[in-house]
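Chemist: Structure incoming, see below.
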Amino acid sequence: MAKVPSPGRVKTRLIPHLGENGAAALCRAMSEDVLAMVRGAGPTVVAVDGDLDDPWVRGLGLPVEAQASGDLGARLRHALREGGVAVGTDSPTLPLSLLQDAHARLEGSPAVFAPAFDGGYVLVGAWPDALGIFTGIPWSAPDTFAASVERARSLGILPAVLPFWYDIDTVADLAFLRAHLRALPPATAPRTRALLQDLPDAAALR
């Protein structure tokens with residue numbers, strides 16, 4: 001699930017630190033790193049929030065479709081209408097092994113979550129008969145993951161839960177990403193890594 005990386009429309013919490021163009025550049029780099037990773041997990045469709053005719057979308061080289069309108073729950077229900085795993089583009093260091101584990105766990109579970117440290121989740125998988133887990137959830141909140149699990153249990157669904165990972169939304173997240181990349185192999189998140197290396201002072205993007 002990806003947004004067209006248009007200045008002023010993406011990574012809005014980072015705009016005061018990076019500027020509109022810098023935030024868009026970061027979104028583009030992270031999205032491309034995530035999409036490169038998910039290609040290794042099997043057939044992939046990019047659910048796009050934005051103009052499907054945008055040159056960036058046309059250059060992805062992957063099947064694309066428009067995201068549904070409505071809140072994130074509606075978008076997830078549409079994206080997973082035939083079952084599968086949905087991954088956002090805010091976790092450029094997300095390991096392929098975690099996505100592969102999600103697919104494997106989904107073979108024996110109606111739903112699977114990989115929670116994020118900020119209270120949401122970095123990926124989620126579900127079969128069509130489990131899509132009710134996305135109804136009535138407080139999105140972009142500290143209790144999004146907890147509420148989703150509670151909702152699943154209220155429907156008689158016991159989801160599989162994978163290890164936590166992190167996504168990039170705030171200046172603190174960006175600082176953590178910079179530090180984490182120094183400890184990871186150079187092949188991890190190459191586009192994001194290159195962008196950050198070109199910007200020793202991210203404020204220069206203002």
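By convention here, the chains of the structure tokens are called A, B, ... in the order presented, each chain's residues are numbered starting at 1, and ligands are numbered starting at 1 in the order presented.
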Need to verify the contact set: stretch 140-145 of chain A, 7 Å, only C-alpha atoms, exclusion of same-chain residues closer than 3 positions in sequence. Can you return it as a list in words?
Modeler: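 Within the cut-off, the hits are Pro115, Asp118, Gly119, Gly120, Tyr121, Ile137, Ser148 and Val149 of chain A.
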Chemist: Apply DSSP to the backbone of this structure and, from stretch 25-196 of chain A, keep only the residues in helix (DSSP H, G or I); write these as a ChimeraX atom specification.
Modeler: /A:25-41,55-58,72-79,96-106,128-134,144-154,171-183,190-196
Chemist: Give me the residues near stretch 50-67 of chain A as a PyMOL selection string, where near means some atom within 9 Å (using only C-alpha atoms) and where sequence neighbours in that chain fewer than 2 positions away do not count.
Modeler: chain A and resi 1-6+28+32+35+44-48+69+75-76+78-79
Chemist: Within 8 Å of A:Phe117, counting only C-alpha atoms, which residues show up once you throw out same-chain ones fewer than 4 positions away? Write them as a short mmCIF file (atom, residue, chain, number, x, y, z; two decimals) with C-alpha atoms, in the first residue's frame, please.
Modeler:
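Wrote it out as result23.cif, contents follow:
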```cif
data_model
loop_
_atom_site.label_atom_id
_atom_site.label_comp_id
_atom_site.auth_asym_id
_atom_site.auth_seq_id
_atom_site.Cartn_x
_atom_site.Cartn_y
_atom_site.Cartn_z
CA TYR A 121 1.45 -2.38 12.76
CA PHE A 164 7.65 -5.93 16.51
CA TRP A 165 9.29 -3.70 13.92
CA TYR A 166 9.27 0.07 13.42
CA ASP A 167 8.12 2.63 10.88
#
```
Chemist: Point out the residue among A:Gly84, A:Pro138, A:Pro92, A:Asn21 with the least atom-to-atom distance to A:Glu107, counting only C-alpha atoms.
Modeler: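 For A:Glu107, the nearest of the given residues is A:Gly84.
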Chemist: Just want the 10 Å neighbourhood of A:Ala189, counted on only C-alpha atoms, with same-chain residues fewer than 2 positions away dropped. Output as a PDB file with N, CA, C and O atoms, in the first residue's frame.
Modeler:
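Saved the output as selection_33.pdb:
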```pdb
ATOM      1  N   ALA A  29      11.976   7.234  -1.569  1.00  0.00           N
ATOM      2  CA  ALA A  29      13.071   6.291  -1.333  1.00  0.00           C
ATOM      3  C   ALA A  29      12.607   5.112  -0.489  1.00  0.00           C
ATOM      4  O   ALA A  29      12.919   3.948  -0.791  1.00  0.00           O
ATOM      5  N   MET A  30      11.871   5.381   0.588  1.00  0.00           N
ATOM      6  CA  MET A  30      11.402   4.299   1.445  1.00  0.00           C
ATOM      7  C   MET A  30      10.446   3.384   0.687  1.00  0.00           C
ATOM      8  O   MET A  30      10.509   2.148   0.809  1.00  0.00           O
ATOM      9  N   SER A  31       9.550   3.975  -0.091  1.00  0.00           N
ATOM     10  CA  SER A  31       8.589   3.168  -0.850  1.00  0.00           C
ATOM     11  C   SER A  31       9.308   2.240  -1.813  1.00  0.00           C
ATOM     12  O   SER A  31       8.967   1.050  -1.927  1.00  0.00           O
ATOM     13  N   GLU A  32      10.307   2.756  -2.506  1.00  0.00           N
ATOM     14  CA  GLU A  32      11.016   1.946  -3.487  1.00  0.00           C
ATOM     15  C   GLU A  32      11.830   0.846  -2.816  1.00  0.00           C
ATOM     16  O   GLU A  32      11.943  -0.270  -3.344  1.00  0.00           O
ATOM     17  N   ASP A  33      12.368   1.113  -1.625  1.00  0.00           N
ATOM     18  CA  ASP A  33      13.078   0.059  -0.891  1.00  0.00           C
ATOM     19  C   ASP A  33      12.112  -1.040  -0.455  1.00  0.00           C
ATOM     20  O   ASP A  33      12.430  -2.235  -0.560  1.00  0.00           O
ATOM     21  N   VAL A  34      10.943  -0.658   0.059  1.00  0.00           N
ATOM     22  CA  VAL A  34       9.972  -1.661   0.481  1.00  0.00           C
ATOM     23  C   VAL A  34       9.489  -2.479  -0.714  1.00  0.00           C
ATOM     24  O   VAL A  34       9.387  -3.712  -0.647  1.00  0.00           O
ATOM     25  N   ALA A  36      11.034  -3.085  -3.499  1.00  0.00           N
ATOM     26  CA  ALA A  36      12.101  -3.987  -3.915  1.00  0.00           C
ATOM     27  C   ALA A  36      12.151  -5.219  -3.019  1.00  0.00           C
ATOM     28  O   ALA A  36      12.404  -6.335  -3.491  1.00  0.00           O
ATOM     29  N   MET A  37      11.905  -5.027  -1.746  1.00  0.00           N
ATOM     30  CA  MET A  37      11.919  -6.152  -0.811  1.00  0.00           C
ATOM     31  C   MET A  37      10.740  -7.090  -1.045  1.00  0.00           C
ATOM     32  O   MET A  37      10.901  -8.312  -1.101  1.00  0.00           O
ATOM     33  N   SER A  91       8.461   1.452   6.395  1.00  0.00           N
ATOM     34  CA  SER A  91       9.447   0.627   7.112  1.00  0.00           C
ATOM     35  C   SER A  91      10.503   0.131   6.134  1.00  0.00           C
ATOM     36  O   SER A  91      10.501  -1.052   5.750  1.00  0.00           O
ATOM     37  N   PRO A  92      11.421   0.996   5.722  1.00  0.00           N
ATOM     38  CA  PRO A  92      12.372   0.606   4.674  1.00  0.00           C
ATOM     39  C   PRO A  92      13.335  -0.496   5.077  1.00  0.00           C
ATOM     40  O   PRO A  92      13.914  -1.150   4.210  1.00  0.00           O
ATOM     41  N   THR A  93      13.521  -0.726   6.369  1.00  0.00           N
ATOM     42  CA  THR A  93      14.424  -1.787   6.821  1.00  0.00           C
ATOM     43  C   THR A  93      13.682  -3.082   7.143  1.00  0.00           C
ATOM     44  O   THR A  93      14.288  -4.031   7.630  1.00  0.00           O
ATOM     45  N   LEU A  94      12.386  -3.131   6.864  1.00  0.00           N
ATOM     46  CA  LEU A  94      11.616  -4.341   7.164  1.00  0.00           C
ATOM     47  C   LEU A  94      12.259  -5.536   6.469  1.00  0.00           C
ATOM     48  O   LEU A  94      12.452  -5.532   5.253  1.00  0.00           O
ATOM     49  N   PRO A  95      12.603  -6.585   7.212  1.00  0.00           N
ATOM     50  CA  PRO A  95      13.290  -7.712   6.578  1.00  0.00           C
ATOM     51  C   PRO A  95      12.328  -8.611   5.800  1.00  0.00           C
ATOM     52  O   PRO A  95      11.183  -8.809   6.203  1.00  0.00           O
ATOM     53  N   LEU A 181      20.614   1.992  10.387  1.00  0.00           N
ATOM     54  CA  LEU A 181      21.250   1.714   9.103  1.00  0.00           C
ATOM     55  C   LEU A 181      22.756   1.540   9.241  1.00  0.00           C
ATOM     56  O   LEU A 181      23.372   0.767   8.486  1.00  0.00           O
ATOM     57  N   LEU A 184      23.338  -2.106   9.965  1.00  0.00           N
ATOM     58  CA  LEU A 184      22.796  -3.087   9.036  1.00  0.00           C
ATOM     59  C   LEU A 184      23.692  -3.238   7.818  1.00  0.00           C
ATOM     60  O   LEU A 184      24.477  -2.345   7.505  1.00  0.00           O
ATOM     61  N   PRO A 185      23.592  -4.358   7.102  1.00  0.00           N
ATOM     62  CA  PRO A 185      24.401  -4.536   5.887  1.00  0.00           C
ATOM     63  C   PRO A 185      24.135  -3.425   4.884  1.00  0.00           C
ATOM     64  O   PRO A 185      23.018  -2.911   4.780  1.00  0.00           O
ATOM     65  N   PRO A 186      25.140  -3.042   4.111  1.00  0.00           N
ATOM     66  CA  PRO A 186      24.981  -1.940   3.153  1.00  0.00           C
ATOM     67  C   PRO A 186      23.879  -2.158   2.128  1.00  0.00           C
ATOM     68  O   PRO A 186      23.350  -1.185   1.581  1.00  0.00           O
ATOM     69  N   ALA A 187      23.517  -3.416   1.872  1.00  0.00           N
ATOM     70  CA  ALA A 187      22.469  -3.685   0.885  1.00  0.00           C
ATOM     71  C   ALA A 187      21.070  -3.422   1.424  1.00  0.00           C
ATOM     72  O   ALA A 187      20.104  -3.440   0.649  1.00  0.00           O
ATOM     73  N   ARG A 191      18.170   2.831  -1.240  1.00  0.00           N
ATOM     74  CA  ARG A 191      17.693   4.137  -1.693  1.00  0.00           C
ATOM     75  C   ARG A 191      17.536   5.086  -0.513  1.00  0.00           C
ATOM     76  O   ARG A 191      17.919   6.259  -0.589  1.00  0.00           O
ATOM     77  N   THR A 192      16.974   4.580   0.570  1.00  0.00           N
ATOM     78  CA  THR A 192      16.833   5.407   1.769  1.00  0.00           C
ATOM     79  C   THR A 192      18.201   5.758   2.324  1.00  0.00           C
ATOM     80  O   THR A 192      18.458   6.907   2.720  1.00  0.00           O
ATOM     81  N   ARG A 193      19.073   4.791   2.355  1.00  0.00           N
ATOM     82  CA  ARG A 193      20.424   5.007   2.872  1.00  0.00           C
ATOM     83  C   ARG A 193      21.144   6.091   2.062  1.00  0.00           C
ATOM     84  O   ARG A 193      21.770   7.001   2.621  1.00  0.00           O
ATOM     85  N   ALA A 194      21.049   6.003   0.736  1.00  0.00           N
ATOM     86  CA  ALA A 194      21.727   6.986  -0.112  1.00  0.00           C
ATOM     87  C   ALA A 194      21.175   8.388   0.111  1.00  0.00           C
ATOM     88  O   ALA A 194      21.925   9.365   0.163  1.00  0.00           O
TER      89      ALA A 194
END
```
Chemist: Atom CA of A:Pro159 and atom CA of A:Leu106, how far apart in Å?
Modeler: 8.9 Å
Chemist: Taking into account only C-alpha atoms, which residue in the set A:Leu177, A:Val10, A:Val161, A:Leu96 is nearest to A:Ser109?
Modeler: A:Val161
Chemist: Between A:Arg182, A:Ala102, A:Ala68, A:His17, which is the closest to A:Ala86 once you count only C-alpha atoms?
Modeler: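 The shortest atom-to-atom distance to A:Ala86 comes from A:Ala102.
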Chemist: If we count only C-alpha atoms, what is near A:Arg81 at a cut-off of 8 Å, once residues fewer than 2 positions away on the same chain are taken out, given as a list in words?
Modeler: Arg77, His78, Ala79, Gly83, Trp127, Pro128 and Leu131 of chain A
Chemist: Would you mind reading off the distance between atom CA of A:Thr170 and atom CA of A:Lys11, one decimal, in Å?
Modeler: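 Separation between atom CA of A:Thr170 and atom CA of A:Lys11: 8.4 Å.
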Chemist: From a backbone DSSP assignment, name each residue in stretch 90-205 of chain A labelled strand (DSSP E), as a list in words.
Modeler: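 Residues meeting the strand (DSSP E) criterion: Ala111, Val112, Phe113, Ala114, Pro115, Tyr121, Val122, Leu123, Val124, Gly125, Ala126, Ala160 and Val161 of chain A.
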Chemist: Taking all heavy atoms for each residue, export the selection above as a JSON list (two decimals), in the first residue's frame.
Modeler:
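That gives us again-v5.json:
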```
[["chain", "number", "residue", "atom", "x", "y", "z"],
["A", 111, "ALA", "N", -5.70, -14.52, 10.41],
["A", 111, "ALA", "CA", -5.12, -13.18, 10.33],
["A", 111, "ALA", "C", -3.76, -13.19, 11.00],
["A", 111, "ALA", "O", -3.46, -14.04, 11.84],
["A", 111, "ALA", "CB", -6.03, -12.14, 11.00],
["A", 112, "VAL", "N", -2.93, -12.23, 10.60],
["A", 112, "VAL", "CA", -1.60, -12.12, 11.17],
["A", 112, "VAL", "C", -1.23, -10.65, 11.26],
["A", 112, "VAL", "O", -1.55, -9.86, 10.36],
["A", 112, "VAL", "CB", -0.56, -12.91, 10.33],
["A", 112, "VAL", "CG1", -0.51, -12.39, 8.90],
["A", 112, "VAL", "CG2", 0.81, -12.87, 10.97],
["A", 113, "PHE", "N", -0.54, -10.28, 12.34],
["A", 113, "PHE", "CA", -0.08, -8.90, 12.54],
["A", 113, "PHE", "C", 1.42, -8.91, 12.83],
["A", 113, "PHE", "O", 1.92, -9.78, 13.52],
["A", 113, "PHE", "CB", -0.76, -8.25, 13.75],
["A", 113, "PHE", "CG", -2.22, -8.01, 13.62],
["A", 113, "PHE", "CD1", -3.13, -8.92, 14.14],
["A", 113, "PHE", "CD2", -2.70, -6.86, 13.01],
["A", 113, "PHE", "CE1", -4.50, -8.69, 14.04],
["A", 113, "PHE", "CE2", -4.06, -6.62, 12.91],
["A", 113, "PHE", "CZ", -4.96, -7.54, 13.43],
["A", 114, "ALA", "N", 2.11, -7.89, 12.34],
["A", 114, "ALA", "CA", 3.45, -7.55, 12.82],
["A", 114, "ALA", "C", 3.33, -6.15, 13.42],
["A", 114, "ALA", "O", 3.23, -5.16, 12.70],
["A", 114, "ALA", "CB", 4.48, -7.57, 11.70],
["A", 115, "PRO", "N", 3.26, -6.06, 14.74],
["A", 115, "PRO", "CA", 3.03, -4.76, 15.38],
["A", 115, "PRO", "C", 4.22, -3.82, 15.24],
["A", 115, "PRO", "O", 5.36, -4.24, 15.07],
["A", 115, "PRO", "CB", 2.77, -5.12, 16.85],
["A", 115, "PRO", "CG", 3.36, -6.47, 17.03],
["A", 115, "PRO", "CD", 3.36, -7.16, 15.71],
["A", 121, "TYR", "N", 0.77, -1.19, 13.25],
["A", 121, "TYR", "CA", 1.45, -2.38, 12.76],
["A", 121, "TYR", "C", 2.10, -2.09, 11.42],
["A", 121, "TYR", "O", 1.65, -1.24, 10.65],
["A", 121, "TYR", "CB", 0.53, -3.61, 12.67],
["A", 121, "TYR", "CG", -0.94, -3.38, 12.44],
["A", 121, "TYR", "CD1", -1.48, -3.30, 11.17],
["A", 121, "TYR", "CD2", -1.81, -3.30, 13.53],
["A", 121, "TYR", "CE1", -2.84, -3.14, 10.98],
["A", 121, "TYR", "CE2", -3.17, -3.14, 13.34],
["A", 121, "TYR", "CZ", -3.68, -3.05, 12.07],
["A", 121, "TYR", "OH", -5.03, -2.89, 11.87],
["A", 122, "VAL", "N", 3.20, -2.81, 11.15],
["A", 122, "VAL", "CA", 3.95, -2.58, 9.92],
["A", 122, "VAL", "C", 3.45, -3.46, 8.79],
["A", 122, "VAL", "O", 3.72, -3.17, 7.61],
["A", 122, "VAL", "CB", 5.46, -2.80, 10.14],
["A", 122, "VAL", "CG1", 6.02, -1.76, 11.09],
["A", 122, "VAL", "CG2", 5.76, -4.22, 10.64],
["A", 123, "LEU", "N", 2.77, -4.55, 9.13],
["A", 123, "LEU", "CA", 2.11, -5.36, 8.12],
["A", 123, "LEU", "C", 0.95, -6.10, 8.77],
["A", 123, "LEU", "O", 0.91, -6.29, 9.99],
["A", 123, "LEU", "CB", 3.07, -6.33, 7.43],
["A", 123, "LEU", "CG", 3.75, -7.46, 8.21],
["A", 123, "LEU", "CD1", 2.81, -8.63, 8.48],
["A", 123, "LEU", "CD2", 4.96, -7.97, 7.45],
["A", 124, "VAL", "N", 0.01, -6.51, 7.94],
["A", 124, "VAL", "CA", -1.14, -7.27, 8.42],
["A", 124, "VAL", "C", -1.62, -8.17, 7.29],
["A", 124, "VAL", "O", -1.58, -7.79, 6.12],
["A", 124, "VAL", "CB", -2.28, -6.34, 8.90],
["A", 124, "VAL", "CG1", -2.79, -5.44, 7.78],
["A", 124, "VAL", "CG2", -3.42, -7.13, 9.52],
["A", 125, "GLY", "N", -2.01, -9.36, 7.66],
["A", 125, "GLY", "CA", -2.56, -10.28, 6.67],
["A", 125, "GLY", "C", -3.89, -10.82, 7.15],
["A", 125, "GLY", "O", -4.14, -10.91, 8.35],
["A", 126, "ALA", "N", -4.76, -11.16, 6.21],
["A", 126, "ALA", "CA", -6.07, -11.70, 6.58],
["A", 126, "ALA", "C", -6.67, -12.42, 5.39],
["A", 126, "ALA", "O", -6.38, -12.09, 4.23],
["A", 126, "ALA", "CB", -7.01, -10.60, 7.05],
["A", 160, "ALA", "N", -2.39, -14.55, 14.49],
["A", 160, "ALA", "CA", -0.98, -14.78, 14.76],
["A", 160, "ALA", "C", -0.29, -13.42, 14.92],
["A", 160, "ALA", "O", -0.64, -12.46, 14.22],
["A", 160, "ALA", "CB", -0.34, -15.57, 13.63],
["A", 161, "VAL", "N", 0.66, -13.34, 15.82],
["A", 161, "VAL", "CA", 1.38, -12.09, 16.07],
["A", 161, "VAL", "C", 2.87, -12.33, 15.90],
["A", 161, "VAL", "O", 3.45, -13.20, 16.55],
["A", 161, "VAL", "CB", 1.08, -11.53, 17.47],
["A", 161, "VAL", "CG1", 1.87, -10.24, 17.71],
["A", 161, "VAL", "CG2", -0.42, -11.27, 17.64]]
```
Chemist: Find the spatial neighbours of A:Ala130, counting only C-alpha atoms, within a cut-off of 8 Å - ignore same-chain residues fewer than 5 positions away - and output them as a PDB file with all heavy atoms, in the first residue's frame.
Modeler:
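Generated file (part_6.pdb):
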```pdb
ATOM      1  N   PRO A 110      -6.354 -17.195  10.522  1.00  0.00           N
ATOM      2  CA  PRO A 110      -7.223 -16.308   9.746  1.00  0.00           C
ATOM      3  C   PRO A 110      -6.653 -14.909   9.558  1.00  0.00           C
ATOM      4  O   PRO A 110      -7.051 -14.192   8.639  1.00  0.00           O
ATOM      5  CB  PRO A 110      -8.513 -16.269  10.565  1.00  0.00           C
ATOM      6  CG  PRO A 110      -8.095 -16.622  11.956  1.00  0.00           C
ATOM      7  CD  PRO A 110      -6.926 -17.550  11.827  1.00  0.00           C
ATOM      8  N   ALA A 111      -5.704 -14.522  10.415  1.00  0.00           N
ATOM      9  CA  ALA A 111      -5.122 -13.178  10.334  1.00  0.00           C
ATOM     10  C   ALA A 111      -3.758 -13.188  10.996  1.00  0.00           C
ATOM     11  O   ALA A 111      -3.456 -14.042  11.840  1.00  0.00           O
ATOM     12  CB  ALA A 111      -6.026 -12.144  10.998  1.00  0.00           C
ATOM     13  N   ALA A 152     -10.529  -8.611  16.713  1.00  0.00           N
ATOM     14  CA  ALA A 152     -10.428  -9.965  16.172  1.00  0.00           C
ATOM     15  C   ALA A 152     -10.966 -10.985  17.167  1.00  0.00           C
ATOM     16  O   ALA A 152     -11.758 -11.865  16.798  1.00  0.00           O
ATOM     17  CB  ALA A 152      -8.976 -10.275  15.825  1.00  0.00           C
ATOM     18  N   ILE A 157     -11.792 -14.667  16.281  1.00  0.00           N
ATOM     19  CA  ILE A 157     -10.598 -14.850  15.455  1.00  0.00           C
ATOM     20  C   ILE A 157      -9.364 -14.707  16.338  1.00  0.00           C
ATOM     21  O   ILE A 157      -9.210 -13.709  17.048  1.00  0.00           O
ATOM     22  CB  ILE A 157     -10.561 -13.789  14.336  1.00  0.00           C
ATOM     23  CG1 ILE A 157     -11.724 -14.006  13.366  1.00  0.00           C
ATOM     24  CG2 ILE A 157      -9.225 -13.827  13.597  1.00  0.00           C
ATOM     25  CD1 ILE A 157     -11.907 -12.866  12.384  1.00  0.00           C
TER      26      ILE A 157
END
```
Chemist: Restricting the calculation to only C-alpha atoms, which member of A:Gly136, A:Cys27, A:Leu196, A:Gly88 is positioned closest to A:Ala175?
Modeler: A:Leu196
